[in-house]
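Just final05.pdb here, PDB, C-alpha atoms:
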ATOM      1  CA  MET A  63       4.415  30.024 -13.302
ATOM      2  CA  GLU A  64       3.055  26.532 -13.985
ATOM      3  CA  ALA A  65       6.560  25.162 -14.606
ATOM      4  CA  THR A  66       7.784  26.664 -11.319
ATOM      5  CA  ALA A  67       4.888  25.100  -9.408
ATOM      6  CA  PHE A  68       5.498  21.745 -11.113
ATOM      7  CA  LEU A  69       9.213  21.742 -10.213
ATOM      8  CA  LYS A  70       8.420  22.831  -6.677
ATOM      9  CA  GLY A  71       6.006  19.905  -6.288
ATOM     10  CA  LEU A  72       8.532  17.504  -7.832
ATOM     11  CA  GLY A  73      11.310  18.627  -5.501
ATOM     12  CA  LEU A  74       9.296  18.731  -2.303
ATOM     13  CA  GLY A  75       7.471  15.496  -3.074
ATOM     14  CA  GLY A  76      10.746  13.755  -3.815
ATOM     15  CA  SER A  77      12.419  14.999  -0.639
ATOM     16  CA  LEU A  78       9.559  13.706   1.488
ATOM     17  CA  ILE A  79       9.107  10.321  -0.158
ATOM     18  CA  VAL A  80      12.760   9.256  -0.271
ATOM     19  CA  ALA A  81      12.968   9.139   3.540
ATOM     20  CA  ILE A  82      13.150   5.543   4.801
ATOM     21  CA  GLY A  83       9.784   4.455   6.138
ATOM     22  CA  SER A  84       7.618   1.395   6.541
ATOM     23  CA  GLN A  85       6.182   1.658   3.032
ATOM     24  CA  ASN A  86       9.592   1.896   1.357
ATOM     25  CA  ALA A  87      11.040  -0.867   3.532
ATOM     26  CA  TYR A  88       8.278  -3.322   2.667
ATOM     27  CA  LEU A  89       8.442  -2.507  -1.039
ATOM     28  CA  LEU A  90      12.215  -3.025  -1.006
ATOM     29  CA  ARG A  91      11.870  -6.386   0.692
ATOM     30  CA  GLN A  92       9.236  -7.570  -1.772
ATOM     31  CA  ALA A  93      11.348  -6.330  -4.678
ATOM     32  CA  LEU A  94      14.390  -8.244  -3.448
ATOM     33  CA  LYS A  95      12.273 -11.384  -3.103
ATOM     34  CA  ARG A  96      10.663 -10.646  -6.503
ATOM     35  CA  GLU A  97       7.172 -11.276  -5.181
ATOM     36  CA  PHE A  98       4.325  -9.228  -6.739
ATOM     37  CA  VAL A  99       6.664  -6.275  -7.269
ATOM     38  CA  LEU A 100       4.536  -4.489  -9.891
ATOM     39  CA  THR A 101       1.461  -4.885  -7.683
ATOM     40  CA  CYS A 102       3.285  -3.283  -4.755
ATOM     41  CA  ILE A 103       4.597  -0.438  -6.913
ATOM     42  CA  ALA A 104       1.111   0.243  -8.286
ATOM     43  CA  ILE A 105      -0.426   0.345  -4.784
ATOM     44  CA  CYS A 106       2.218   2.785  -3.522
ATOM     45  CA  ILE A 107       1.773   5.082  -6.506
ATOM     46  CA  ILE A 108      -2.035   4.991  -6.454
ATOM     47  CA  CYS A 109      -2.184   5.733  -2.711
ATOM     48  CA  ASP A 110       0.204   8.665  -3.053
ATOM     49  CA  VAL A 111      -1.560  10.090  -6.108
ATOM     50  CA  VAL A 112      -4.966   9.921  -4.420
ATOM     51  CA  LEU A 113      -3.727  11.437  -1.150
ATOM     52  CA  ILE A 114      -1.775  14.230  -2.858
ATOM     53  CA  GLY A 115      -4.773  15.074  -5.017
ATOM     54  CA  ALA A 116      -7.059  15.052  -1.972
ATOM     55  CA  GLY A 117      -4.662  17.290  -0.065
ATOM     56  CA  VAL A 118      -4.429  19.880  -2.820
ATOM     57  CA  ALA A 119      -8.226  19.749  -3.170
ATOM     58  CA  GLY A 120      -8.591  20.730   0.489
ATOM     59  CA  MET A 121      -8.754  17.516   2.528
ATOM     60  CA  GLY A 122      -5.749  18.668   4.567
ATOM     61  CA  GLN A 123      -7.901  21.153   6.449
ATOM     62  CA  LEU A 124     -10.387  18.378   7.289
ATOM     63  CA  ILE A 125      -7.664  16.253   8.892
ATOM     64  CA  ILE A 126      -6.316  19.217  10.860
ATOM     65  CA  GLN A 127      -9.820  19.883  12.194
ATOM     66  CA  ALA A 128     -10.440  16.203  13.087
ATOM     67  CA  PRO A 129      -7.631  15.181  15.495
ATOM     68  CA  SER A 130      -9.609  12.132  16.649
ATOM     69  CA  LEU A 131      -9.303  10.665  13.130
ATOM     70  CA  LEU A 132      -5.511  10.844  13.266
ATOM     71  CA  PHE A 133      -5.558   9.411  16.798
ATOM     72  CA  TRP A 134      -7.273   6.191  15.749
ATOM     73  CA  ILE A 135      -5.040   5.902  12.690
ATOM     74  CA  LYS A 136      -2.080   6.233  15.062
ATOM     75  CA  ILE A 137      -3.373   3.409  17.275
ATOM     76  CA  ALA A 138      -3.952   1.042  14.355
ATOM     77  CA  GLY A 139      -0.720   2.030  12.637
ATOM     78  CA  ALA A 140       1.438   1.647  15.744
ATOM     79  CA  GLY A 141       0.032  -1.810  16.446
ATOM     80  CA  PHE A 142       0.629  -2.965  12.887
ATOM     81  CA  LEU A 143       4.168  -1.519  12.741
ATOM     82  CA  PHE A 144       5.106  -3.115  16.061
ATOM     83  CA  TRP A 145       3.813  -6.513  14.912
ATOM     84  CA  TYR A 146       5.683  -6.346  11.610
ATOM     85  CA  GLY A 147       8.796  -5.204  13.459
ATOM     86  CA  LEU A 148       8.625  -8.408  15.495
ATOM     87  CA  ARG A 149       8.427 -10.421  12.280
ATOM     88  CA  ALA A 150      11.434  -8.631  10.825
ATOM     89  CA  ALA A 151      13.412  -9.124  14.054
ATOM     90  CA  ARG A 152      12.642 -12.839  14.013
ATOM     91  CA  SER A 153      13.826 -13.005  10.389
ATOM     92  CA  ALA A 154      17.014 -11.176  11.379
ATOM     93  CA  ILE A 155      17.709 -13.770  14.077
ATOM     94  CA  HIS A 156      17.080 -16.621  11.652
ATOM     95  CA  PRO A 157      18.120 -15.203   8.257
ATOM     96  CA  SER A 158      17.932 -17.019   4.960
ATOM     97  CA  ALA A 159      19.660 -16.309   1.674
ATOM     98  CA  LEU A 160      17.688 -14.864  -1.220
ATOM     99  CA  VAL A 161      16.346 -17.742  -3.293
ATOM    100  CA  THR A 162      14.592 -17.043  -6.583
ATOM    101  CA  ASP A 163      13.452 -20.601  -7.190
ATOM    102  CA  MET A 164       9.789 -20.399  -8.165
ATOM    103  CA  ASN A 165       9.061 -23.653  -6.336
ATOM    104  CA  ASN A 166       9.579 -21.981  -2.958
ATOM    105  CA  ALA A 167       6.465 -21.074  -1.011
ATOM    106  CA  ALA A 168       5.550 -17.400  -1.286
ATOM    107  CA  PRO A 169       2.726 -15.341   0.197
ATOM    108  CA  ASP A 170      -0.359 -15.108  -1.980
ATOM    109  CA  ARG A 171      -1.259 -11.899  -3.793
ATOM    110  CA  ARG A 172      -4.071 -11.002  -1.352
ATOM    111  CA  THR A 173      -1.706 -11.143   1.613
ATOM    112  CA  VAL A 174       0.832  -8.913  -0.118
ATOM    113  CA  ILE A 175      -1.855  -6.434  -1.230
ATOM    114  CA  ALA A 176      -3.273  -6.241   2.303
ATOM    115  CA  ALA A 177       0.172  -5.665   3.792
ATOM    116  CA  MET A 178       1.121  -3.034   1.199
ATOM    117  CA  LEU A 179      -2.162  -1.178   1.763
ATOM    118  CA  ALA A 180      -1.611  -1.298   5.513
ATOM    119  CA  PHE A 181       1.899   0.118   5.212
ATOM    120  CA  SER A 182       0.568   2.808   2.872
ATOM    121  CA  LEU A 183      -2.582   3.822   4.738
ATOM    122  CA  LEU A 184      -2.105   2.956   8.427
ATOM    123  CA  ASN A 185       0.864   5.277   8.829
ATOM    124  CA  PRO A 186      -0.247   8.770   9.910
ATOM    125  CA  HIS A 187       3.013  10.215   8.574
ATOM    126  CA  ILE A 188       1.842   9.628   5.027
ATOM    127  CA  TYR A 189      -1.232  11.788   5.674
ATOM    128  CA  LEU A 190       0.844  14.510   7.281
ATOM    129  CA  ASP A 191       3.310  14.476   4.385
ATOM    130  CA  THR A 192       0.960  14.133   1.414
ATOM    131  CA  VAL A 193      -2.394  15.502   2.516
ATOM    132  CA  VAL A 194      -1.449  18.139   5.081
ATOM    133  CA  LEU A 195       2.024  19.361   4.058
ATOM    134  CA  LEU A 196       1.917  18.939   0.270
ATOM    135  CA  GLY A 197      -1.779  19.813   0.255
ATOM    136  CA  SER A 198      -1.318  23.051   2.180
ATOM    137  CA  ILE A 199       1.690  24.180   0.124
ATOM    138  CA  GLY A 200       0.058  23.144  -3.139
ATOM    139  CA  GLY A 201      -3.148  24.899  -2.178
ATOM    140  CA  GLN A 202      -1.236  28.181  -1.834
ATOM    141  CA  GLN A 203      -0.132  28.134  -5.482
ATOM    142  CA  PRO A 204      -2.038  30.740  -7.509
ATOM    143  CA  GLY A 205      -4.538  29.708 -10.161
ATOM    144  CA  SER A 206      -3.886  26.400 -11.860
ATOM    145  CA  GLY A 207      -0.465  26.275 -10.213
ATOM    146  CA  ARG A 208      -1.871  24.116  -7.419
ATOM    147  CA  TRP A 209      -2.570  21.280  -9.852
ATOM    148  CA  TYR A 210       0.813  21.613 -11.550
ATOM    149  CA  PHE A 211       2.321  21.394  -8.080
ATOM    150  CA  ALA A 212       0.265  18.254  -7.426
ATOM    151  CA  LEU A 213       1.367  16.722 -10.741
ATOM    152  CA  GLY A 214       5.010  17.365  -9.840
ATOM    153  CA  ALA A 215       4.604  15.681  -6.446
ATOM    154  CA  MET A 216       2.772  12.752  -8.061
ATOM    155  CA  LEU A 217       5.544  12.330 -10.639
ATOM    156  CA  ALA A 218       8.079  12.193  -7.783
ATOM    157  CA  SER A 219       6.134   9.274  -6.311
ATOM    158  CA  VAL A 220       5.970   7.468  -9.652
ATOM    159  CA  LEU A 221       9.705   7.870 -10.236
ATOM    160  CA  TRP A 222      10.735   6.875  -6.710
ATOM    161  CA  PHE A 223       8.560   3.787  -6.276
ATOM    162  CA  SER A 224       9.315   2.551  -9.790
ATOM    163  CA  SER A 225      13.055   3.009  -9.253
ATOM    164  CA  LEU A 226      12.999   1.344  -5.838
ATOM    165  CA  GLY A 227      10.883  -1.601  -6.934
ATOM    166  CA  LEU A 228      12.486  -2.268 -10.308
ATOM    167  CA  GLY A 229      16.033  -1.316  -9.339
ATOM    168  CA  ALA A 230      16.252  -3.671  -6.361
ATOM    169  CA  ARG A 231      16.991  -6.606  -8.684
ATOM    170  CA  TYR A 232      20.532  -5.274  -9.104
ATOM    171  CA  LEU A 233      21.098  -5.931  -5.399
ATOM    172  CA  THR A 234      20.267  -9.627  -5.766
ATOM    173  CA  PRO A 235      23.938 -10.792  -5.672
ATOM    174  CA  ILE A 236      24.425  -9.016  -2.353
ATOM    175  CA  PHE A 237      21.319 -10.584  -0.827
ATOM    176  CA  SER A 238      22.328 -14.081  -1.843
ATOM    177  CA  ARG A 239      24.096 -14.158   1.542
ATOM    178  CA  PRO A 240      22.151 -14.694   4.800
ATOM    179  CA  SER A 241      24.217 -11.995   6.528
ATOM    180  CA  ALA A 242      22.834  -9.352   4.147
ATOM    181  CA  TRP A 243      19.273 -10.374   5.012
ATOM    182  CA  ARG A 244      20.169 -10.269   8.707
ATOM    183  CA  ILE A 245      21.276  -6.650   8.340
ATOM    184  CA  LEU A 246      18.290  -5.630   6.199
ATOM    185  CA  ASP A 247      15.717  -7.267   8.480
ATOM    186  CA  GLY A 248      17.433  -5.778  11.519
ATOM    187  CA  ILE A 249      17.202  -2.313   9.981
ATOM    188  CA  ILE A 250      13.564  -2.888   9.003
ATOM    189  CA  ALA A 251      12.715  -4.001  12.551
ATOM    190  CA  MET A 252      14.319  -0.860  14.007
ATOM    191  CA  VAL A 253      12.530   1.356  11.472
ATOM    192  CA  MET A 254       9.152  -0.222  12.246
ATOM    193  CA  TRP A 255       9.588   0.056  16.010
ATOM    194  CA  SER A 256      10.914   3.616  15.889
ATOM    195  CA  LEU A 257       7.971   4.659  13.720
ATOM    196  CA  ALA A 258       5.534   2.916  16.088
ATOM    197  CA  ILE A 259       7.034   4.771  19.061
ATOM    198  CA  SER A 260       7.145   8.090  17.198
ATOM    199  CA  LEU A 261       3.401   7.912  16.569
ATOM    200  CA  PHE A 262       2.853   8.505  20.292
ATOM    201  CA  LEU A 263       5.522  11.180  20.669
TER     202      LEU A 263
END
Could you render the structure as structure tokens?
Amino acid sequence: MEATAFLKGLGLGGSLIVAIGSQNAYLLRQALKREFVLTCIAICIICDVVLIGAGVAGMGQLIIQAPSLLFWIKIAGAGFLFWYGLRAARSAIHPSALVTDMNNAAPDRRTVIAAMLAFSLLNPHIYLDTVVLLGSIGGQQPGSGRWYFALGAMLASVLWFSSLGLGARYLTPIFSRPSAWRILDGIIAMVMWSLAISLFL
């Protein structure tokens, strides 16, 4: 029973987290630039683990019963996603090749942490996926199965974010060309704007 719940959490958690979103897009970009990659991976994993655990523990019902909370998260999240989409679009118009020279100016750790937290916590979809959906399904597992389900979903997050962040280095040759960055930033801009619009639909 516990093994079934664990595999169910692993499968469902993996299917939800692999979808392209603002969090994954930002992590991928940082990984390609090789800027504070481990910090970004850790933030993504910690946020997911905490939210999944809170959902299974019952926080999902609180969010469902407090629509005003999600409304204000939507407002803040949409504004942030739209602003970052503008930045990505500007980068797409004026692309630059991937340069790994350590002498190049890079954002400081605080800026990257703040951005990664914003992408992780200002997107209402992450609460709907982790807290509400995974939490409600995990909460239906009998006995200790709910926590095995949560562990499976948490492991899916660990595997995905680690693979995305650490595996991006193999794409470095491709992103040595400005055209590749133009395409990536264009896709990121469209993802950010579509997510911002979807928050109100």
List the residues sitting within 8 Å of (-3.4, 14.1, -2.6) in the file's frame, using only C-alpha atoms, as a PDB file with C-alpha atoms, in the frame of the given file.
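Output file part_34.pdb follows:
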ATOM      1  CA  ASP A 110       0.204   8.665  -3.053  1.00  0.00           C
ATOM      2  CA  VAL A 111      -1.560  10.090  -6.108  1.00  0.00           C
ATOM      3  CA  VAL A 112      -4.966   9.921  -4.420  1.00  0.00           C
ATOM      4  CA  LEU A 113      -3.727  11.437  -1.150  1.00  0.00           C
ATOM      5  CA  ILE A 114      -1.775  14.230  -2.858  1.00  0.00           C
ATOM      6  CA  GLY A 115      -4.773  15.074  -5.017  1.00  0.00           C
ATOM      7  CA  ALA A 116      -7.059  15.052  -1.972  1.00  0.00           C
ATOM      8  CA  GLY A 117      -4.662  17.290  -0.065  1.00  0.00           C
ATOM      9  CA  VAL A 118      -4.429  19.880  -2.820  1.00  0.00           C
ATOM     10  CA  ALA A 119      -8.226  19.749  -3.170  1.00  0.00           C
ATOM     11  CA  THR A 192       0.960  14.133   1.414  1.00  0.00           C
ATOM     12  CA  VAL A 193      -2.394  15.502   2.516  1.00  0.00           C
ATOM     13  CA  LEU A 196       1.917  18.939   0.270  1.00  0.00           C
ATOM     14  CA  GLY A 197      -1.779  19.813   0.255  1.00  0.00           C
ATOM     15  CA  ALA A 212       0.265  18.254  -7.426  1.00  0.00           C
TER      16      ALA A 212
END
Spatial neighbours of stretch 132-145 of chain A, 12 Å, only C-alpha atoms, chain gap at least 5 places, as number ranges by chain: A: 83-85, 87-88, 122, 124-127, 150-152, 176-190, 194, 250-263
Suppose a student applies the PyMOL selection byres ((chain A and resi 103) around 9) to this structure; what residues should they get, written as a short mmCIF file (atom, residue, chain, number, x, y, z; two decimals) with C-alpha atoms, keeping the file's coordinate frame?
data_model
loop_
_atom_site.label_atom_id
_atom_site.label_comp_id
_atom_site.auth_asym_id
_atom_site.auth_seq_id
_atom_site.Cartn_x
_atom_site.Cartn_y
_atom_site.Cartn_z
CA LEU A 89 8.44 -2.51 -1.04
CA PHE A 98 4.32 -9.23 -6.74
CA VAL A 99 6.66 -6.28 -7.27
CA LEU A 100 4.54 -4.49 -9.89
CA THR A 101 1.46 -4.88 -7.68
CA CYS A 102 3.28 -3.28 -4.76
CA ALA A 104 1.11 0.24 -8.29
CA ILE A 105 -0.43 0.34 -4.78
CA CYS A 106 2.22 2.78 -3.52
CA ILE A 107 1.77 5.08 -6.51
CA ILE A 108 -2.04 4.99 -6.45
CA VAL A 220 5.97 7.47 -9.65
CA PHE A 223 8.56 3.79 -6.28
CA SER A 224 9.32 2.55 -9.79
CA LEU A 226 13.00 1.34 -5.84
CA GLY A 227 10.88 -1.60 -6.93
CA LEU A 228 12.49 -2.27 -10.31
#
Separation of atom CA of A:Ser238 from atom CA of A:Arg91 in Å: 13.2 Å
Reference answer for the PyMOL selection byres ((chain A and resi 200) around 12), as a VMD selection string: chain A and resid 64 66 to 72 74 to 75 114 to 122 191 to 199 201 to 216
Print the selection's residues with C-alpha atoms to a file, as a compact mmCIF listing (two decimals), keeping the file's coordinate frame.
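Printed below is part07.txt as written:
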# COMPACT_ATOMS: atom_id res chain seq x y z
CA GLU A 64 3.06 26.53 -13.98
CA THR A 66 7.78 26.66 -11.32
CA ALA A 67 4.89 25.10 -9.41
CA PHE A 68 5.50 21.74 -11.11
CA LEU A 69 9.21 21.74 -10.21
CA LYS A 70 8.42 22.83 -6.68
CA GLY A 71 6.01 19.90 -6.29
CA LEU A 72 8.53 17.50 -7.83
CA LEU A 74 9.30 18.73 -2.30
CA GLY A 75 7.47 15.50 -3.07
CA ILE A 114 -1.78 14.23 -2.86
CA GLY A 115 -4.77 15.07 -5.02
CA ALA A 116 -7.06 15.05 -1.97
CA GLY A 117 -4.66 17.29 -0.06
CA VAL A 118 -4.43 19.88 -2.82
CA ALA A 119 -8.23 19.75 -3.17
CA GLY A 120 -8.59 20.73 0.49
CA MET A 121 -8.75 17.52 2.53
CA GLY A 122 -5.75 18.67 4.57
CA ASP A 191 3.31 14.48 4.38
CA THR A 192 0.96 14.13 1.41
CA VAL A 193 -2.39 15.50 2.52
CA VAL A 194 -1.45 18.14 5.08
CA LEU A 195 2.02 19.36 4.06
CA LEU A 196 1.92 18.94 0.27
CA GLY A 197 -1.78 19.81 0.26
CA SER A 198 -1.32 23.05 2.18
CA ILE A 199 1.69 24.18 0.12
CA GLY A 201 -3.15 24.90 -2.18
CA GLN A 202 -1.24 28.18 -1.83
CA GLN A 203 -0.13 28.13 -5.48
CA PRO A 204 -2.04 30.74 -7.51
CA GLY A 205 -4.54 29.71 -10.16
CA SER A 206 -3.89 26.40 -11.86
CA GLY A 207 -0.46 26.28 -10.21
CA ARG A 208 -1.87 24.12 -7.42
CA TRP A 209 -2.57 21.28 -9.85
CA TYR A 210 0.81 21.61 -11.55
CA PHE A 211 2.32 21.39 -8.08
CA ALA A 212 0.26 18.25 -7.43
CA LEU A 213 1.37 16.72 -10.74
CA GLY A 214 5.01 17.36 -9.84
CA ALA A 215 4.60 15.68 -6.45
CA MET A 216 2.77 12.75 -8.06
Interatomic distance, atom CA of A:His156 to atom CA of A:Ile245 (Å, one decimal): 11.3 Å
Exercise: A:Val80 partners within 9 Å, only C-alpha atoms, chain neighbours under 4 positions left out, as number ranges by chain: A: 75-76, 86, 219, 222
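Atom to atom, atom CA of A:Gly73 and atom CA of A:Leu94 stand 27.1 Å apart.
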Nearest to A:Asp247 by atom-to-atom distance, counting only C-alpha atoms, from A:Ser153, A:Thr234, A:Ser130, A:Ser77: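 Ranking A:Ser153, A:Thr234, A:Ser130, A:Ser77 by distance to A:Asp247, first place goes to A:Ser153.
Using only C-alpha atoms, the smallest distance between any of A:Ala242, A:Gly248, A:Tyr146, A:Ala218 and A:Leu78 comes from A:Ala218.
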Residue nearest A:Leu148 among A:Ile249, A:Leu217, A:Asp170, A:Tyr232 (counting all atoms listed in the file):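 Among A:Ile249, A:Leu217, A:Asp170, A:Tyr232, it is A:Ile249 that comes nearest to A:Leu148.
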